[in-house]
file upload.txt (compact mmCIF, C-alpha atoms and all ligand atoms)
# COMPACT_ATOMS: atom_id res chain seq x y z
CA MET A 1 1.49 5.30 19.35
CA LYS A 2 4.13 3.30 21.16
CA LEU A 3 5.94 1.98 18.07
CA VAL A 4 8.74 -0.57 18.40
CA ALA A 5 10.72 -0.49 15.15
CA ARG A 6 12.26 -3.65 13.71
CA ALA A 7 15.79 -2.75 14.86
CA GLN A 8 14.49 -2.17 18.38
CA TRP A 9 13.07 -5.67 18.76
CA GLY A 10 15.98 -7.35 17.01
CA ALA A 11 14.28 -8.38 13.78
CA ARG A 12 16.16 -10.60 11.39
CA PRO A 13 16.36 -9.22 7.83
CA SER A 14 13.77 -10.25 5.25
CA ARG A 15 14.75 -13.31 3.26
CA TYR A 16 13.59 -11.73 -0.02
CA ALA A 17 12.67 -8.14 -0.88
CA LEU A 18 9.10 -7.61 0.34
CA ALA A 19 6.49 -6.72 -2.27
CA TYR A 20 5.50 -3.05 -2.31
CA ILE A 21 1.83 -2.09 -2.15
CA ALA A 22 0.57 1.45 -2.68
CA GLY A 23 -2.34 1.00 -0.28
CA THR A 24 -5.11 -1.32 0.85
CA GLN A 25 -8.84 -1.34 1.48
CA GLY A 26 -8.11 -1.62 5.18
CA VAL A 27 -6.73 -3.85 7.91
CA LYS A 28 -7.42 -7.44 8.93
CA ILE A 29 -7.03 -8.41 12.59
CA HIS A 30 -5.30 -11.67 13.57
CA TYR A 31 -4.37 -13.61 16.67
CA GLU A 32 -1.53 -16.06 17.09
CA GLY A 33 -3.81 -19.09 17.05
CA ALA A 34 -1.53 -21.02 19.42
CA TYR A 35 -0.74 -21.12 23.13
CA VAL A 36 0.36 -17.73 24.47
CA PRO A 37 1.38 -17.67 28.15
CA LYS A 38 -0.88 -15.58 30.40
CA SER A 39 2.24 -14.29 32.13
CA LEU A 40 3.01 -12.21 29.02
CA ALA A 41 0.15 -9.87 29.98
CA ALA A 42 1.50 -9.16 33.47
CA PRO A 43 2.07 -5.40 33.86
CA ASP A 44 5.81 -5.90 34.46
CA ALA A 45 6.31 -8.45 31.65
CA HIS A 46 6.79 -6.08 28.71
CA SER A 47 10.53 -6.85 28.64
CA ALA A 48 9.54 -10.31 27.34
CA CYS A 49 7.53 -8.95 24.38
CA ALA A 50 10.48 -8.31 22.04
CA GLY A 51 11.59 -11.91 22.53
CA HIS A 52 8.04 -13.08 21.84
CA MET A 53 8.13 -11.05 18.62
CA ARG A 54 11.44 -12.66 17.60
CA ASP A 55 9.87 -16.09 18.25
CA ILE A 56 6.94 -15.30 15.93
CA GLN A 57 9.33 -14.14 13.20
CA ALA A 58 11.54 -17.22 13.66
CA SER A 59 8.53 -19.55 13.39
CA HIS A 60 7.40 -17.85 10.17
CA LEU A 61 10.90 -17.95 8.66
CA ALA A 62 11.08 -21.66 9.56
CA ASN A 63 7.75 -22.38 7.85
CA THR A 64 8.90 -24.15 4.70
CA LYS A 65 5.35 -24.75 3.48
CA GLU A 66 4.50 -21.04 3.23
CA ASN A 67 8.10 -20.07 2.36
CA TYR A 68 7.65 -16.71 4.10
CA SER A 69 10.14 -13.91 3.37
CA ASP A 70 9.66 -12.50 6.85
CA ILE A 71 7.20 -12.34 9.72
CA ALA A 72 3.87 -12.50 7.88
CA TYR A 73 2.16 -9.62 9.75
CA ASN A 74 2.54 -5.92 9.03
CA ALA A 75 2.45 -5.22 12.77
CA VAL A 76 1.94 -7.09 16.05
CA VAL A 77 0.48 -5.52 19.21
CA CYS A 78 1.57 -6.73 22.66
CA PRO A 79 -0.62 -6.84 25.81
CA HIS A 80 0.99 -3.60 26.98
CA GLY A 81 -0.23 -1.70 23.93
CA TYR A 82 3.07 -1.43 22.07
CA VAL A 83 2.94 -1.71 18.27
CA PHE A 84 5.79 -3.90 17.01
CA GLU A 85 6.68 -3.19 13.39
CA GLY A 86 6.45 -6.34 11.28
CA ARG A 87 6.56 -5.94 7.50
CA GLY A 88 5.42 -2.36 8.14
CA ILE A 89 3.66 0.12 5.88
CA HIS A 90 3.49 -0.24 2.07
CA ARG A 91 4.52 -3.90 2.25
CA LYS A 92 2.27 -6.78 1.25
CA THR A 93 1.40 -9.11 4.11
CA GLY A 94 1.71 -12.88 3.88
CA ALA A 95 -0.90 -13.58 6.57
CA ASN A 96 -4.35 -13.16 5.03
CA GLY A 97 -4.61 -16.57 3.36
CA ASN A 98 -4.03 -15.99 -0.37
CA GLN A 99 -2.51 -13.43 -2.71
CA PRO A 100 -5.68 -11.43 -3.49
CA LEU A 101 -6.49 -11.17 0.24
CA ASN A 102 -2.87 -10.24 1.00
CA ALA A 103 -3.04 -7.40 -1.52
CA LYS A 104 -6.44 -6.24 -0.24
CA ASP A 105 -5.70 -5.60 3.45
CA TYR A 106 -2.82 -5.11 5.83
CA ALA A 107 -2.53 -7.74 8.59
CA VAL A 108 -2.24 -6.70 12.24
CA CYS A 109 -1.87 -9.42 14.88
CA ALA A 110 -2.50 -9.21 18.60
CA MET A 111 -0.34 -11.25 20.98
CA VAL A 112 -3.22 -13.39 22.21
CA GLY A 113 -3.68 -17.07 21.52
CA SER A 114 -6.21 -19.86 21.24
CA SER A 115 -5.23 -21.01 24.74
CA GLY A 116 -3.49 -19.42 27.71
CA LEU A 117 -3.78 -15.69 27.09
CA VAL A 118 -7.02 -15.46 25.07
CA GLN A 119 -8.45 -12.10 26.21
CA PRO A 120 -6.90 -8.92 24.76
CA THR A 121 -6.12 -6.25 27.36
CA ALA A 122 -7.56 -2.72 27.16
CA ASP A 123 -4.06 -1.41 26.36
CA GLN A 124 -3.82 -3.96 23.57
CA LEU A 125 -7.10 -2.85 21.98
CA ASP A 126 -5.84 0.73 22.10
CA GLY A 127 -2.59 -0.45 20.52
CA LEU A 128 -4.56 -2.15 17.74
CA ALA A 129 -6.45 1.11 17.18
CA ASP A 130 -3.08 2.93 17.07
CA ALA A 131 -1.81 0.45 14.49
CA ILE A 132 -4.95 0.83 12.35
CA GLU A 133 -4.55 4.62 12.38
CA TRP A 134 -0.87 4.26 11.50
CA PHE A 135 -1.68 2.17 8.42
CA ARG A 136 -4.42 4.61 7.45
CA GLU A 137 -2.27 7.72 7.80
CA ASP A 138 1.10 6.48 6.54
CA GLY A 139 0.22 3.33 4.62
CA ALA A 140 -2.82 4.51 2.61
CA ALA A 141 -5.10 1.92 4.23
CA GLY A 142 -8.81 2.40 3.62
CA ARG A 143 -11.37 2.37 6.40
CA GLU A 144 -12.21 -1.34 6.35
CA VAL A 145 -11.48 -3.28 9.56
CA LEU A 146 -12.14 -7.02 9.34
CA GLY A 147 -11.16 -10.26 11.04
CA HIS A 148 -8.93 -12.78 9.29
CA ARG A 149 -11.99 -15.09 9.15
CA ASP A 150 -13.96 -12.60 7.03
CA GLY A 151 -13.77 -14.15 3.58
CA TYR A 152 -11.36 -16.91 4.63
CA ALA A 153 -11.96 -20.20 6.45
CA THR A 154 -10.17 -19.82 9.79
CA ALA A 155 -11.00 -19.35 13.47
CA CYS A 156 -8.63 -16.36 13.53
CA PRO A 157 -8.74 -13.87 15.28
CA GLY A 158 -10.62 -15.85 17.99
CA GLU A 159 -13.93 -14.90 19.60
CA PRO A 160 -12.90 -12.03 21.92
CA LEU A 161 -10.98 -10.12 19.22
CA TYR A 162 -13.56 -10.84 16.54
CA ALA A 163 -16.31 -9.48 18.80
CA TRP A 164 -14.23 -6.30 19.17
CA VAL A 165 -13.87 -6.03 15.38
CA LYS A 166 -17.60 -6.57 14.84
CA ALA A 167 -18.42 -3.94 17.46
CA GLY A 168 -16.50 -1.36 15.40
CA ALA A 169 -12.87 -1.76 16.53
CA HIS A 170 -13.15 1.11 18.97
CA ARG A 171 -10.61 2.21 21.54
CA SER A 172 -11.20 1.00 25.08
CA ASP A 173 -12.82 4.37 25.85
CA GLY A 174 -15.32 3.76 23.03
CA LYS A 175 -13.82 6.28 20.61
CA THR A 176 -12.37 5.93 17.11
CA PRO A 177 -11.27 4.29 14.93
CA GLY A 178 -14.32 2.39 13.89
CA THR A 179 -14.88 0.79 10.55
CA GLY A 180 -16.55 3.99 9.37
CA GLY A 181 -17.95 2.57 6.15
CA SER A 182 -15.84 2.41 3.01
CA GLY A 183 -13.72 4.87 1.09
CA GLY A 184 -13.53 7.89 3.32
CA GLY A 185 -16.71 9.71 4.23
CA SER A 186 -16.87 12.83 6.31
CA THR A 187 -15.49 11.47 9.59
CA GLY A 188 -12.63 13.50 10.98
CA GLY A 189 -12.19 17.05 9.74
CA SER A 190 -8.50 16.65 8.93
CA GLN A 191 -8.87 13.58 6.75
CA ILE A 192 -7.23 13.91 3.34
CA ALA A 193 -9.07 12.57 0.29
CA ARG A 194 -7.25 9.60 -1.18
CA TYR A 195 -9.32 8.55 -4.15
CA ARG A 196 -8.70 9.09 -7.83
CA VAL A 197 -10.80 10.45 -10.64
CA THR A 198 -10.28 10.12 -14.37
CA ILE A 199 -10.77 13.25 -16.46
CA ASN A 200 -10.36 13.04 -20.21
CA GLY A 201 -8.55 9.71 -19.87
CA LEU A 202 -6.02 10.91 -17.28
CA ALA A 203 -6.02 10.04 -13.57
CA TYR A 204 -5.87 12.67 -10.81
CA GLY A 205 -5.78 12.28 -7.04
CA TYR A 206 -3.68 10.33 -4.56
CA GLY A 207 -1.32 7.86 -6.24
CA ALA A 208 -1.91 9.04 -9.82
CA VAL A 209 1.32 9.23 -11.82
CA GLY A 210 2.33 11.12 -14.93
CA ASP A 211 3.60 14.31 -16.50
CA HIS A 212 0.06 15.69 -16.30
CA VAL A 213 0.36 15.45 -12.48
CA THR A 214 3.57 17.48 -12.57
CA ALA A 215 1.80 20.02 -14.77
CA VAL A 216 -1.01 20.46 -12.22
CA GLY A 217 1.52 20.92 -9.40
CA GLN A 218 3.50 23.47 -11.37
CA ALA A 219 0.34 25.39 -12.21
CA LEU A 220 -0.67 25.41 -8.52
CA VAL A 221 2.75 26.77 -7.52
CA ALA A 222 2.59 29.39 -10.29
CA ARG A 223 -0.82 30.54 -9.04
CA GLY A 224 0.42 30.80 -5.43
CA PHE A 225 -1.13 27.58 -4.12
CA GLY A 226 2.10 25.66 -3.48
CA LYS A 227 2.58 26.08 0.26
CA HIS A 228 2.06 22.39 1.14
CA TYR A 229 4.91 21.11 -1.03
CA ARG A 230 7.97 20.17 0.97
CA SER A 231 9.47 18.71 -2.19
CA GLY A 232 8.25 18.63 -5.74
CA PRO A 233 5.73 19.03 -7.28
CA GLY A 234 6.47 15.77 -9.06
CA ARG A 235 4.97 13.06 -11.25
CA GLU A 236 3.23 11.21 -8.41
CA TRP A 237 0.14 12.77 -6.83
CA THR A 238 0.73 13.03 -3.08
CA ASP A 239 -1.23 14.43 -0.13
CA ALA A 240 0.58 17.74 -0.71
CA ASP A 241 -0.93 17.95 -4.21
CA THR A 242 -4.36 17.30 -2.71
CA GLU A 243 -3.91 19.96 -0.04
CA CYS A 244 -2.69 22.56 -2.55
CA PHE A 245 -5.52 21.75 -4.95
CA SER A 246 -7.99 22.05 -2.06
CA ASP A 247 -6.68 25.56 -1.35
CA PHE A 248 -7.18 26.40 -5.02
CA GLN A 249 -10.74 25.00 -4.97
CA ARG A 250 -11.58 27.10 -1.92
CA SER A 251 -10.26 30.18 -3.73
CA LEU A 252 -12.94 29.42 -6.35
CA GLY A 253 -15.59 29.48 -3.62
CA TYR A 254 -15.96 25.70 -3.25
CA THR A 255 -16.63 24.48 0.29
CA GLY A 256 -16.17 21.25 2.25
CA THR A 257 -12.71 19.71 2.52
CA ALA A 258 -13.74 16.23 3.71
CA PRO A 259 -13.35 13.48 1.09
CA HIS A 260 -15.95 13.71 -1.70
CA GLN A 261 -16.91 17.27 -0.81
CA ASP A 262 -16.36 20.06 -3.34
CA ALA A 263 -13.06 21.38 -1.97
CA ASP A 264 -11.50 18.04 -1.03
CA GLY A 265 -8.49 18.63 -3.27
CA VAL A 266 -9.38 16.04 -5.90
CA PRO A 267 -9.89 17.85 -9.21
CA GLY A 268 -13.15 18.02 -11.09
CA GLU A 269 -13.39 19.05 -14.73
CA VAL A 270 -14.32 22.62 -13.90
CA SER A 271 -11.61 23.31 -11.32
CA LEU A 272 -8.99 21.59 -13.47
CA HIS A 273 -9.95 23.65 -16.49
CA LYS A 274 -9.89 26.83 -14.42
CA LEU A 275 -6.39 26.03 -13.17
CA LEU A 276 -4.83 25.01 -16.48
CA GLY A 277 -6.91 26.95 -18.97
CA HIS A 278 -7.54 23.71 -20.86
CA LEU A 279 -8.31 20.06 -20.15
CA PRO A 280 -5.31 17.84 -20.84
CA GLY A 281 -6.22 14.70 -22.73
CA LYS A 282 -4.57 11.44 -23.36
CA THR A 283 -3.27 11.08 -26.87
CA PRO A 284 -4.81 7.78 -27.88
CA VAL A 285 -2.13 5.17 -28.51
CA LYS A 286 -2.83 1.94 -30.29
CA VAL A 287 -1.60 -0.88 -28.08
CA PRO A 288 -0.40 -3.86 -30.09
CA PRO A 289 -2.13 -7.14 -29.17
CA TYR A 290 -0.65 -8.99 -26.19
CA PRO A 291 1.68 -11.68 -27.53
CA GLY A 292 1.17 -14.15 -24.65
CA ARG A 293 3.48 -15.12 -21.83
CA ALA A 294 5.40 -17.52 -24.07
CA ALA A 295 6.99 -14.47 -25.76
CA PHE A 296 8.81 -13.60 -22.53
CA VAL A 297 11.14 -16.41 -21.55
CA LEU A 298 14.40 -15.51 -19.83
CA GLY A 299 17.32 -15.86 -22.22
CA LYS A 300 15.06 -16.30 -25.27
CA ALA A 301 14.57 -13.83 -28.11
CA ASN A 302 11.16 -12.74 -29.42
CA PRO A 303 10.15 -9.72 -31.55
CA ALA A 304 7.61 -8.76 -28.86
CA VAL A 305 10.50 -8.06 -26.45
CA THR A 306 11.68 -5.23 -28.73
CA VAL A 307 8.19 -3.69 -28.51
CA LEU A 308 8.26 -4.16 -24.73
CA ASP A 309 11.73 -2.57 -24.53
CA ARG A 310 10.59 0.49 -26.48
CA GLY A 311 7.81 0.95 -23.93
CA LEU A 312 10.31 0.67 -21.07
CA VAL A 313 12.61 3.23 -22.70
CA ARG A 314 9.71 5.60 -23.44
CA LYS A 315 8.47 5.41 -19.83
CA GLY A 316 11.99 5.68 -18.41
CA PHE A 317 12.44 2.23 -16.87
CA THR A 318 15.95 1.35 -18.02
CA ARG A 319 18.11 1.61 -14.91
CA HIS A 320 19.15 -2.05 -15.04
CA HIS A 321 20.53 -1.43 -18.52
CA ALA A 322 22.06 1.92 -17.61
CA ASP A 323 25.74 1.27 -18.29
CA LYS A 324 25.31 -0.87 -21.37
CA ALA A 325 24.63 1.71 -24.13
CA TYR A 326 21.16 0.33 -24.31
CA THR A 327 19.01 -0.06 -27.41
CA PRO A 328 15.79 -2.07 -27.53
CA GLY A 329 16.29 -5.63 -28.69
CA PRO A 330 14.49 -8.98 -28.87
CA MET A 331 16.28 -10.76 -25.98
CA PHE A 332 14.26 -11.13 -22.74
CA SER A 333 17.16 -10.81 -20.31
CA GLU A 334 17.25 -10.68 -16.53
CA ASN A 335 17.87 -6.92 -16.85
CA THR A 336 14.75 -6.57 -18.98
CA ARG A 337 12.81 -8.47 -16.34
CA LEU A 338 14.13 -6.18 -13.57
CA ASN A 339 13.14 -3.10 -15.58
CA VAL A 340 9.64 -4.53 -16.06
CA ALA A 341 9.45 -5.15 -12.29
CA ASP A 342 10.41 -1.50 -11.67
CA PHE A 343 7.58 -0.41 -13.95
CA GLN A 344 5.13 -2.76 -12.19
CA ARG A 345 6.10 -1.35 -8.80
CA SER A 346 5.41 2.17 -10.09
CA VAL A 347 1.81 1.40 -11.10
CA PRO A 348 -0.65 0.85 -8.24
CA ALA A 349 -2.67 -1.68 -10.26
CA LEU A 350 0.41 -3.86 -10.80
CA ALA A 351 2.48 -3.21 -7.68
CA GLY A 352 0.99 -6.12 -5.71
CA ASP A 353 2.91 -8.64 -7.75
CA PRO A 354 5.99 -7.02 -9.33
CA ASP A 355 7.51 -10.23 -10.66
CA GLY A 356 8.84 -8.68 -13.88
CA SER A 357 6.85 -11.09 -16.02
CA PRO A 358 4.77 -9.04 -18.48
CA GLY A 359 1.14 -10.13 -18.27
CA PRO A 360 -1.65 -8.58 -20.36
CA GLU A 361 -2.20 -5.68 -17.91
CA THR A 362 1.50 -4.85 -17.72
CA TRP A 363 1.68 -4.95 -21.53
CA ARG A 364 -1.35 -2.69 -21.93
CA LEU A 365 -0.29 -0.13 -19.31
CA LEU A 366 3.34 -0.04 -20.44
CA LEU A 367 2.45 0.54 -24.09
CA SER A 368 -0.48 2.92 -23.65
ZN ZN B 401 -4.96 -14.87 11.12
ZN ZN B 402 4.51 -5.72 25.86
call {"tool": "encode", "arguments": {"input": "upload.txt", "output": "structure tokens"}}
result
Amino acid sequence: MKLVARAQWGARPSRYALAYIAGTQGVKIHYEGAYVPKSLAAPDAHSACAGHMRDIQASHLANTKENYSDIAYNAVVCPHGYVFEGRGIHRKTGANGNQPLNAKDYAVCAMVGSSGLVQPTADQLDGLADAIEWFREDGAAGREVLGHRDGYATACPGEPLYAWVKAGAHRSDGKTPGTGGSGGGSTGGSQIARYRVTINGLAYGYGAVGDHVTAVGQALVARGFGKHYRSGPGREWTDADTECFSDFQRSLGYTGTAPHQDADGVPGEVSLHKLLGHLPGKTPVKVPPYPGRAAFVLGKANPAVTVLDRGLVRKGFTRHHADKAYTPGPMFSENTRLNVADFQRSVPALAGDPDGSPGPETWRLLLS
């Protein structure tokens, strides 16, 4: 992939911190939806592409209606096949139309327009395929490839690009990536399983977090199946955990390392029990009823904040209180809000909107 990082194209900094996302179902393809000069696609015109990228970012930052923090796209692909980093991996896009759609897919835009340059070049389609693979491999994107117009009323990404998406988003030589169905499958022998299972109330697999994840990693290392760890094992389940667990499964005689096959590195009850000698279980905790958003007003005290604080302390999210000899109390302060936001960012189900305001899901997950 011919990646052009933000510093290389002269990106301005984000206006606000961009929201973290653990992963997406896939990628949505966009076009600029405006006039793009045909001269940009001339073979010797690539020197103009960084400036074109800065123009897109400037127009988004100037858009007071959307109040964008940054260029809305995660990446933009020029006619010469270069992938310009926009918001990048693990950052929520602002381009897909609304918050649920922004959390569901990354947004990749091609430098083609609704007039002037309307046909993507072969290099550009290959660059789009490069970008899709990048988000899959490093950004935990699923295998979905859609157009902006899928599920949202817009002409984007224009007919030529949409036809390419519908035909399977293949490289110009007809090869991968295609849409490939949903959630993995057996395409590509080196693909790492990135789904989660719940065993006895605890989650295992890519993105799962907890002391029970550390325990699995430590048991793998102790049994001699730790060679894929470059750091850790730790509390968050990474690809290294999956690869080590896959080695362990194969030592049990399981076969098939593609996602959803027996030795894909995602535990089942039997392999987990064989590794640990027991099945860890969640100690059931009674979560107090959610007190409603009115209990959490900045600068106001409420008994529910003390309960919330105890949850933050128990789960280790206190860094914004670190130097204040902290004990749980009823005041919902800005520091409390920042600690809640840290917790939200740490949980995939909440990370799409880490605003620090405890909703019912945040309350339940923090206190359970
Ligand atoms: Zn679009
Ligand atoms: Zn270019």
call {"tool": "closest_atom_pairs", "arguments": {"input": "upload.txt", "of": "chain A", "to": "ligand ZN 401 (chain B)", "cutoff": "10 Å", "atoms": "all atoms listed in the file", "output": "JSON lines"}}
result
{"residue": "A:Lys28", "atom": "CA", "partner": "B:ZN401", "partner_atom": "ZN", "distance": 8.1}
{"residue": "A:Ile29", "atom": "CA", "partner": "B:ZN401", "partner_atom": "ZN", "distance": 6.9}
{"residue": "A:His30", "atom": "CA", "partner": "B:ZN401", "partner_atom": "ZN", "distance": 4.0}
{"residue": "A:Tyr31", "atom": "CA", "partner": "B:ZN401", "partner_atom": "ZN", "distance": 5.7}
{"residue": "A:Glu32", "atom": "CA", "partner": "B:ZN401", "partner_atom": "ZN", "distance": 7.0}
{"residue": "A:Gly33", "atom": "CA", "partner": "B:ZN401", "partner_atom": "ZN", "distance": 7.4}
{"residue": "A:Ala72", "atom": "CA", "partner": "B:ZN401", "partner_atom": "ZN", "distance": 9.7}
{"residue": "A:Tyr73", "atom": "CA", "partner": "B:ZN401", "partner_atom": "ZN", "distance": 9.0}
{"residue": "A:Ala95", "atom": "CA", "partner": "B:ZN401", "partner_atom": "ZN", "distance": 6.2}
{"residue": "A:Asn96", "atom": "CA", "partner": "B:ZN401", "partner_atom": "ZN", "distance": 6.4}
{"residue": "A:Gly97", "atom": "CA", "partner": "B:ZN401", "partner_atom": "ZN", "distance": 8.0}
{"residue": "A:Ala107", "atom": "CA", "partner": "B:ZN401", "partner_atom": "ZN", "distance": 7.9}
{"residue": "A:Val108", "atom": "CA", "partner": "B:ZN401", "partner_atom": "ZN", "distance": 8.7}
{"residue": "A:Cys109", "atom": "CA", "partner": "B:ZN401", "partner_atom": "ZN", "distance": 7.3}
{"residue": "A:Ala110", "atom": "CA", "partner": "B:ZN401", "partner_atom": "ZN", "distance": 9.7}
{"residue": "A:Gly147", "atom": "CA", "partner": "B:ZN401", "partner_atom": "ZN", "distance": 7.7}
{"residue": "A:His148", "atom": "CA", "partner": "B:ZN401", "partner_atom": "ZN", "distance": 4.8}
{"residue": "A:Arg149", "atom": "CA", "partner": "B:ZN401", "partner_atom": "ZN", "distance": 7.3}
{"residue": "A:Tyr152", "atom": "CA", "partner": "B:ZN401", "partner_atom": "ZN", "distance": 9.3}
{"residue": "A:Ala153", "atom": "CA", "partner": "B:ZN401", "partner_atom": "ZN", "distance": 10.0}
{"residue": "A:Thr154", "atom": "CA", "partner": "B:ZN401", "partner_atom": "ZN", "distance": 7.3}
{"residue": "A:Ala155", "atom": "CA", "partner": "B:ZN401", "partner_atom": "ZN", "distance": 7.9}
{"residue": "A:Cys156", "atom": "CA", "partner": "B:ZN401", "partner_atom": "ZN", "distance": 4.6}
{"residue": "A:Pro157", "atom": "CA", "partner": "B:ZN401", "partner_atom": "ZN", "distance": 5.7}
{"residue": "A:Gly158", "atom": "CA", "partner": "B:ZN401", "partner_atom": "ZN", "distance": 9.0}
call {"tool": "write_last_selection", "arguments": {"input": "upload.txt", "atoms": "C-alpha atoms", "output": "PDB file, in the frame of the given file"}}
result
ATOM      1  CA  LYS A  28      -7.420  -7.440   8.930  1.00  0.00           C
ATOM      2  CA  ILE A  29      -7.030  -8.410  12.590  1.00  0.00           C
ATOM      3  CA  HIS A  30      -5.300 -11.670  13.570  1.00  0.00           C
ATOM      4  CA  TYR A  31      -4.370 -13.610  16.670  1.00  0.00           C
ATOM      5  CA  GLU A  32      -1.530 -16.060  17.090  1.00  0.00           C
ATOM      6  CA  GLY A  33      -3.810 -19.090  17.050  1.00  0.00           C
ATOM      7  CA  ALA A  72       3.870 -12.500   7.880  1.00  0.00           C
ATOM      8  CA  TYR A  73       2.160  -9.620   9.750  1.00  0.00           C
ATOM      9  CA  ALA A  95      -0.900 -13.580   6.570  1.00  0.00           C
ATOM     10  CA  ASN A  96      -4.350 -13.160   5.030  1.00  0.00           C
ATOM     11  CA  GLY A  97      -4.610 -16.570   3.360  1.00  0.00           C
ATOM     12  CA  ALA A 107      -2.530  -7.740   8.590  1.00  0.00           C
ATOM     13  CA  VAL A 108      -2.240  -6.700  12.240  1.00  0.00           C
ATOM     14  CA  CYS A 109      -1.870  -9.420  14.880  1.00  0.00           C
ATOM     15  CA  ALA A 110      -2.500  -9.210  18.600  1.00  0.00           C
ATOM     16  CA  GLY A 147     -11.160 -10.260  11.040  1.00  0.00           C
ATOM     17  CA  HIS A 148      -8.930 -12.780   9.290  1.00  0.00           C
ATOM     18  CA  ARG A 149     -11.990 -15.090   9.150  1.00  0.00           C
ATOM     19  CA  TYR A 152     -11.360 -16.910   4.630  1.00  0.00           C
ATOM     20  CA  ALA A 153     -11.960 -20.200   6.450  1.00  0.00           C
ATOM     21  CA  THR A 154     -10.170 -19.820   9.790  1.00  0.00           C
ATOM     22  CA  ALA A 155     -11.000 -19.350  13.470  1.00  0.00           C
ATOM     23  CA  CYS A 156      -8.630 -16.360  13.530  1.00  0.00           C
ATOM     24  CA  PRO A 157      -8.740 -13.870  15.280  1.00  0.00           C
ATOM     25  CA  GLY A 158     -10.620 -15.850  17.990  1.00  0.00           C
TER      26      GLY A 158
END
call {"tool": "residues_near_ligand", "arguments": {"input": "upload.txt", "ligand": "ligand ZN 402 (chain B)", "cutoff": "12 Å", "atoms": "all atoms listed in the file", "output": "ChimeraX atom specification"}}
result
/A:2-4,9,39-53,76-84,110-112,120-121,123-124,127
call {"tool": "residues_around", "arguments": {"input": "upload.txt", "residues": "stretch 305-321 of chain A", "least_positions_apart": "4", "cutoff": "6 Å", "atoms": "all atoms listed in the file", "output": "short mmCIF file (atom, residue, chain, number, x, y, z; two decimals) with C-alpha atoms, keeping the file's coordinate frame"}}
result
data_model
loop_
_atom_site.label_atom_id
_atom_site.label_comp_id
_atom_site.auth_asym_id
_atom_site.auth_seq_id
_atom_site.Cartn_x
_atom_site.Cartn_y
_atom_site.Cartn_z
CA PRO A 328 15.79 -2.07 -27.53
CA GLY A 329 16.29 -5.63 -28.69
CA PRO A 330 14.49 -8.98 -28.87
CA ASN A 335 17.87 -6.92 -16.85
CA ASN A 339 13.14 -3.10 -15.58
CA LEU A 366 3.34 -0.04 -20.44
CA LEU A 367 2.45 0.54 -24.09
#
call {"tool": "closest_residue", "arguments": {"input": "upload.txt", "among": "A:Arg223, A:Asp173, A:Gln191, A:Pro288", "to": "A:Gly256", "atoms": "all atoms listed in the file"}}
result
A:Gln191
call {"tool": "residues_around", "arguments": {"input": "upload.txt", "residues": "A:Ser114", "least_positions_apart": "3", "cutoff": "6 Å", "atoms": "only C-alpha atoms", "output": "tab-separated table (two decimals) with C-alpha atoms, in the frame of the given file"}}
result
chain	number	residue	atom	x	y	z
A	33	GLY	CA	-3.81	-19.09	17.05
A	34	ALA	CA	-1.53	-21.02	19.42
A	35	TYR	CA	-0.74	-21.12	23.13
A	118	VAL	CA	-7.02	-15.46	25.07
call {"tool": "closest_residue", "arguments": {"input": "upload.txt", "among": "A:Val209, A:Ala22, A:Ala17, A:Leu279", "to": "A:Ala141", "atoms": "all atoms listed in the file"}}
result
A:Ala22
call {"tool": "closest_residue", "arguments": {"input": "upload.txt", "among": "A:Ile71, A:Gly113, A:Leu125, A:His273", "to": "A:Ala163", "atoms": "only C-alpha atoms"}}
result
A:Leu125
call {"tool": "residues_around", "arguments": {"input": "upload.txt", "residues": "A:Pro289", "least_positions_apart": "2", "cutoff": "10 Å", "atoms": "all atoms listed in the file", "output": "ChimeraX atom specification"}}
result
/A:286-287,291-292,304,360,363-364
call {"tool": "atom_distance", "arguments": {"input": "upload.txt", "atom1": "atom CA of A:Asp150", "atom2": "atom CA of A:Tyr68"}}
result
22.2 Å
call {"tool": "atom_distance", "arguments": {"input": "upload.txt", "atom1": "atom CA of A:Gly116", "atom2": "atom CA of A:Pro37"}}
result
5.2 Å
call {"tool": "atom_distance", "arguments": {"input": "upload.txt", "atom1": "atom CA of A:Pro303", "atom2": "atom CA of A:Ser333"}}
result
13.3 Å
call {"tool": "closest_residue", "arguments": {"input": "upload.txt", "among": "A:Thr93, A:Ser59, A:Ser69, A:Thr214", "to": "A:Gly23", "atoms": "only C-alpha atoms"}}
result
A:Thr93
call {"tool": "residues_near_point", "arguments": {"input": "upload.txt", "point": "(-2.8, 2.7, 13.2)", "cutoff": "10 Å", "atoms": "all atoms listed in the file", "output": "ChimeraX atom specification"}}
result
/A:1,27,75,83,108,126-139,141,177
call {"tool": "closest_residue", "arguments": {"input": "upload.txt", "among": "A:Ala215, A:Ala7, A:Leu275, A:Ala258", "to": "A:Glu85", "atoms": "all atoms listed in the file"}}
result
A:Ala7
call {"tool": "residues_around", "arguments": {"input": "upload.txt", "residues": "stretch 202-208 of chain A", "least_positions_apart": "5", "cutoff": "6 Å", "atoms": "all atoms listed in the file", "output": "PDB file with C-alpha atoms, keeping the file's coordinate frame"}}
result
ATOM      1  CA  ARG A 194      -7.250   9.600  -1.180  1.00  0.00           C
ATOM      2  CA  TYR A 195      -9.320   8.550  -4.150  1.00  0.00           C
ATOM      3  CA  ARG A 196      -8.700   9.090  -7.830  1.00  0.00           C
ATOM      4  CA  VAL A 197     -10.800  10.450 -10.640  1.00  0.00           C
ATOM      5  CA  GLU A 236       3.230  11.210  -8.410  1.00  0.00           C
ATOM      6  CA  TRP A 237       0.140  12.770  -6.830  1.00  0.00           C
ATOM      7  CA  THR A 238       0.730  13.030  -3.080  1.00  0.00           C
ATOM      8  CA  VAL A 266      -9.380  16.040  -5.900  1.00  0.00           C
TER       9      VAL A 266
END
